[in-house]
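Q: Mind looking over this structure? Questions follow.
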Amino acid sequence: SGLTLGGVARRTREALVVCEVAGFNLVIVETVGVGQSETMVADMTDMFALLLQPGGGDELQAIKRGIMELADLVLINKADGALKRIAEESSIEFRNALRLLRPRIEGWTVPVQTCSSLERDGIDEAWEAVLRLHEMLIEKDLLAPRRASQALSWMWAELNDNLVAALRDDPELGRVLPELEKEVAAGRLPPNLAARALLRRF
């Protein structure tokens, strides 16, 4: 992901398009992080699956609230061996927590399931949940609007990235930026006024 926030790389969307053009009808995008900021992938996929480890409890719920509000599917992995019972308990906790949140898609109840890649348990059920959501998006004519929203999100992300890059690369701003940064760091100039001054010069 480099310096890009949100859990994905700046060119992940382009990679998705390349995969689609190459004929792949299923593309999985994995994020790099496990925090509230790793949510950009929700703006570029049809289904947002949240993969968790067992035993997070209340602390994990608090950390992941931002992500949980976007999740279309919650999978608790490593539900095997000594962790199997803990994974089942975690699934109950997260199911209860999700009852307090509105799902992103009206009429969709976010499934909370356990799975084990080691024992290959729960994988088929997870795939069935993916298919159920996809069918529902098509039946309710929600897939096209979701894709349109993704395209708009992409446009604004590109605009934001390119504008910031242009600001940073501008030679005149390069001459005044160090002094402005020094003033802001010293508390002599409010950050919002410094930003406005930079935009005016640009």
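Ordering of the structure tokens sets the chain letters (A, B, ...); residue numbers start at 1 within each chain; ligands are numbered from 1 in the order shown.
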Name all residues at most 10 Å from stretch 126-129 of chain A (count only C-alpha atoms; drop same-chain ones fewer than 6 positions away) and give them as a PyMOL selection string.

A: chain A and resi 49+72-75+110-115+135

Q: So which one's closest to A:Val41, A:Leu177, A:Ile28, A:Leu143, A:Leu199? Using only C-alpha atoms, please.

A: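 Ranked by minimum distance to A:Val41, first place goes to A:Ile28.
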
Q: Once DSSP has gone over the backbone, tell me which residues of stretch 19-170 of chain A are in strand (DSSP E or B), as number ranges by chain.

A: A: 49-52, 73-76, 112-114, 116, 121

Q: Run DSSP on the backbone and grab whatever in stretch 2-201 of chain A lands in alpha helix (DSSP H); send it over as a ChimeraX atom specification.

A: /A:12-21,57-63,65-68,84-98,123-139,143-169,171-185,191-201

Q: Any chance you could tabulate, as JSON lines, the residues of stretch 48-113 of chain A at most 12 Å from stretch 119-122 of chain A with each one's nearest atom pair and distance in Å to one decimal, using only C-alpha atoms, in chain and rising number order?

A:
```
{"residue": "A:Leu75", "atom": "CA", "partner": "A:Gly122", "partner_atom": "CA", "distance": 9.1}
{"residue": "A:Ile76", "atom": "CA", "partner": "A:Gly122", "partner_atom": "CA", "distance": 9.8}
{"residue": "A:Asn77", "atom": "CA", "partner": "A:Gly122", "partner_atom": "CA", "distance": 9.1}
{"residue": "A:Lys78", "atom": "CA", "partner": "A:Glu119", "partner_atom": "CA", "distance": 9.0}
{"residue": "A:Ala79", "atom": "CA", "partner": "A:Asp121", "partner_atom": "CA", "distance": 8.2}
{"residue": "A:Asp80", "atom": "CA", "partner": "A:Glu119", "partner_atom": "CA", "distance": 7.1}
{"residue": "A:Gly81", "atom": "CA", "partner": "A:Glu119", "partner_atom": "CA", "distance": 9.5}
{"residue": "A:Lys84", "atom": "CA", "partner": "A:Asp121", "partner_atom": "CA", "distance": 10.9}
{"residue": "A:Val112", "atom": "CA", "partner": "A:Gly122", "partner_atom": "CA", "distance": 11.1}
{"residue": "A:Gln113", "atom": "CA", "partner": "A:Gly122", "partner_atom": "CA", "distance": 7.4}
```

Q: Convert the current residue selection to file output with C-alpha atoms, as a CSV table (one decimal), in the first residue's frame.

A:
```csv
chain,number,residue,atom,x,y,z
A,75,LEU,CA,-15.8,-14.6,9.3
A,76,ILE,CA,-14.0,-15.7,12.4
A,77,ASN,CA,-11.0,-17.8,11.3
A,78,LYS,CA,-8.9,-20.4,13.1
A,79,ALA,CA,-12.0,-22.1,14.5
A,80,ASP,CA,-10.1,-25.3,15.2
A,81,GLY,CA,-8.3,-27.1,18.0
A,84,LYS,CA,-12.7,-23.7,18.3
A,112,VAL,CA,-21.3,-14.1,11.3
A,113,GLN,CA,-19.7,-17.4,10.7
```

Q: Could you give me, as a PyMOL selection string, the residues within 10 Å of A:Glu89, counting only C-alpha atoms and dropping anything in the same chain fewer than 2 positions from it?

A: chain A and resi 54-57+83-87+91-95+114

Q: If I take atom CA of A:Ala157 and atom CA of A:Met44, how far is one from the other in Å, to one decimal?

A: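 Taking atom CA of A:Ala157 as the start and atom CA of A:Met44 as the end point, the length is 11.3 Å.
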
Q: Record the distance separating atom CA of A:Ala97 and atom CA of A:Glu139, expressed in Å with one decimal.

A: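 Value for the atom CA of A:Ala97-atom CA of A:Glu139 distance: 28.0 Å.
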
Q: Which residues are near A:Pro103? Cut-off 10 Å, only C-alpha atoms, ignore same chain within fewer than 2 positions. Put them as a ChimeraX atom specification.

A: /A:68-72,98-101,105-110

Q: Would you output that residue set with N, CA, C and O atoms, as a PDB file, in the first residue's frame?

A:
```
ATOM      1  N   MET A  68     -16.796  -2.779  11.231  1.00  0.00           N
ATOM      2  CA  MET A  68     -17.994  -3.612  11.401  1.00  0.00           C
ATOM      3  C   MET A  68     -19.226  -2.980  10.768  1.00  0.00           C
ATOM      4  O   MET A  68     -20.113  -3.669  10.278  1.00  0.00           O
ATOM      5  N   GLU A  69     -19.281  -1.660  10.768  1.00  0.00           N
ATOM      6  CA  GLU A  69     -20.431  -0.970  10.174  1.00  0.00           C
ATOM      7  C   GLU A  69     -20.462  -1.138   8.661  1.00  0.00           C
ATOM      8  O   GLU A  69     -21.495  -0.942   8.027  1.00  0.00           O
ATOM      9  N   LEU A  70     -19.321  -1.495   8.070  1.00  0.00           N
ATOM     10  CA  LEU A  70     -19.245  -1.669   6.619  1.00  0.00           C
ATOM     11  C   LEU A  70     -19.311  -3.119   6.185  1.00  0.00           C
ATOM     12  O   LEU A  70     -19.500  -3.419   5.008  1.00  0.00           O
ATOM     13  N   ALA A  71     -19.144  -4.043   7.134  1.00  0.00           N
ATOM     14  CA  ALA A  71     -19.038  -5.463   6.792  1.00  0.00           C
ATOM     15  C   ALA A  71     -20.341  -6.023   6.234  1.00  0.00           C
ATOM     16  O   ALA A  71     -21.420  -5.758   6.756  1.00  0.00           O
ATOM     17  N   ASP A  72     -20.211  -6.814   5.158  1.00  0.00           N
ATOM     18  CA  ASP A  72     -21.337  -7.552   4.595  1.00  0.00           C
ATOM     19  C   ASP A  72     -21.295  -9.011   5.041  1.00  0.00           C
ATOM     20  O   ASP A  72     -22.277  -9.737   4.910  1.00  0.00           O
ATOM     21  N   LEU A  98     -23.548  -6.794  16.111  1.00  0.00           N
ATOM     22  CA  LEU A  98     -24.061  -6.371  14.805  1.00  0.00           C
ATOM     23  C   LEU A  98     -25.551  -6.052  14.839  1.00  0.00           C
ATOM     24  O   LEU A  98     -26.038  -5.301  13.994  1.00  0.00           O
ATOM     25  N   ARG A  99     -26.255  -6.594  15.817  1.00  0.00           N
ATOM     26  CA  ARG A  99     -27.687  -6.287  15.934  1.00  0.00           C
ATOM     27  C   ARG A  99     -27.905  -4.807  16.240  1.00  0.00           C
ATOM     28  O   ARG A  99     -28.977  -4.260  15.975  1.00  0.00           O
ATOM     29  N   LEU A 100     -26.900  -4.160  16.812  1.00  0.00           N
ATOM     30  CA  LEU A 100     -27.009  -2.747  17.169  1.00  0.00           C
ATOM     31  C   LEU A 100     -26.650  -1.830  16.008  1.00  0.00           C
ATOM     32  O   LEU A 100     -26.821  -0.618  16.090  1.00  0.00           O
ATOM     33  N   LEU A 101     -26.122  -2.406  14.920  1.00  0.00           N
ATOM     34  CA  LEU A 101     -25.687  -1.606  13.774  1.00  0.00           C
ATOM     35  C   LEU A 101     -26.596  -1.844  12.578  1.00  0.00           C
ATOM     36  O   LEU A 101     -27.099  -2.943  12.384  1.00  0.00           O
ATOM     37  N   ILE A 105     -26.693  -2.763   3.454  1.00  0.00           N
ATOM     38  CA  ILE A 105     -27.706  -3.094   2.449  1.00  0.00           C
ATOM     39  C   ILE A 105     -29.016  -3.415   3.147  1.00  0.00           C
ATOM     40  O   ILE A 105     -29.070  -4.319   3.987  1.00  0.00           O
ATOM     41  N   GLU A 106     -30.042  -2.660   2.812  1.00  0.00           N
ATOM     42  CA  GLU A 106     -31.352  -2.874   3.440  1.00  0.00           C
ATOM     43  C   GLU A 106     -31.870  -4.268   3.107  1.00  0.00           C
ATOM     44  O   GLU A 106     -31.841  -4.718   1.953  1.00  0.00           O
ATOM     45  N   GLY A 107     -32.310  -4.985   4.138  1.00  0.00           N
ATOM     46  CA  GLY A 107     -32.839  -6.324   3.942  1.00  0.00           C
ATOM     47  C   GLY A 107     -31.798  -7.430   4.073  1.00  0.00           C
ATOM     48  O   GLY A 107     -32.138  -8.605   4.017  1.00  0.00           O
ATOM     49  N   TRP A 108     -30.531  -7.047   4.229  1.00  0.00           N
ATOM     50  CA  TRP A 108     -29.460  -8.039   4.355  1.00  0.00           C
ATOM     51  C   TRP A 108     -29.036  -8.148   5.812  1.00  0.00           C
ATOM     52  O   TRP A 108     -28.671  -7.164   6.447  1.00  0.00           O
ATOM     53  N   THR A 109     -29.127  -9.340   6.369  1.00  0.00           N
ATOM     54  CA  THR A 109     -28.627  -9.599   7.716  1.00  0.00           C
ATOM     55  C   THR A 109     -27.192 -10.106   7.589  1.00  0.00           C
ATOM     56  O   THR A 109     -26.942 -11.126   6.942  1.00  0.00           O
ATOM     57  N   VAL A 110     -26.264  -9.365   8.162  1.00  0.00           N
ATOM     58  CA  VAL A 110     -24.840  -9.696   8.019  1.00  0.00           C
ATOM     59  C   VAL A 110     -24.547 -11.036   8.699  1.00  0.00           C
ATOM     60  O   VAL A 110     -24.699 -11.156   9.917  1.00  0.00           O
TER      61      VAL A 110
END
```

Q: Report as a count of residues only all protein, DNA and RNA residues lying within 8 Å of stretch 162-174 of chain A, evaluated on only C-alpha atoms, omitting residues in the same chain fewer than 5 positions from it.

A: 3

Q: Interatomic distance between atom CA of A:Ala194 and atom CA of A:Asp161?

A: 19.5 Å

Q: Pick out the residues sitting within 10 Å of A:Arg147, and hand them over as a PyMOL selection string; count only C-alpha atoms, and ignore anything fewer than 5 positions along from it in its own chain.

A: chain A and resi 43-46+142+152-153
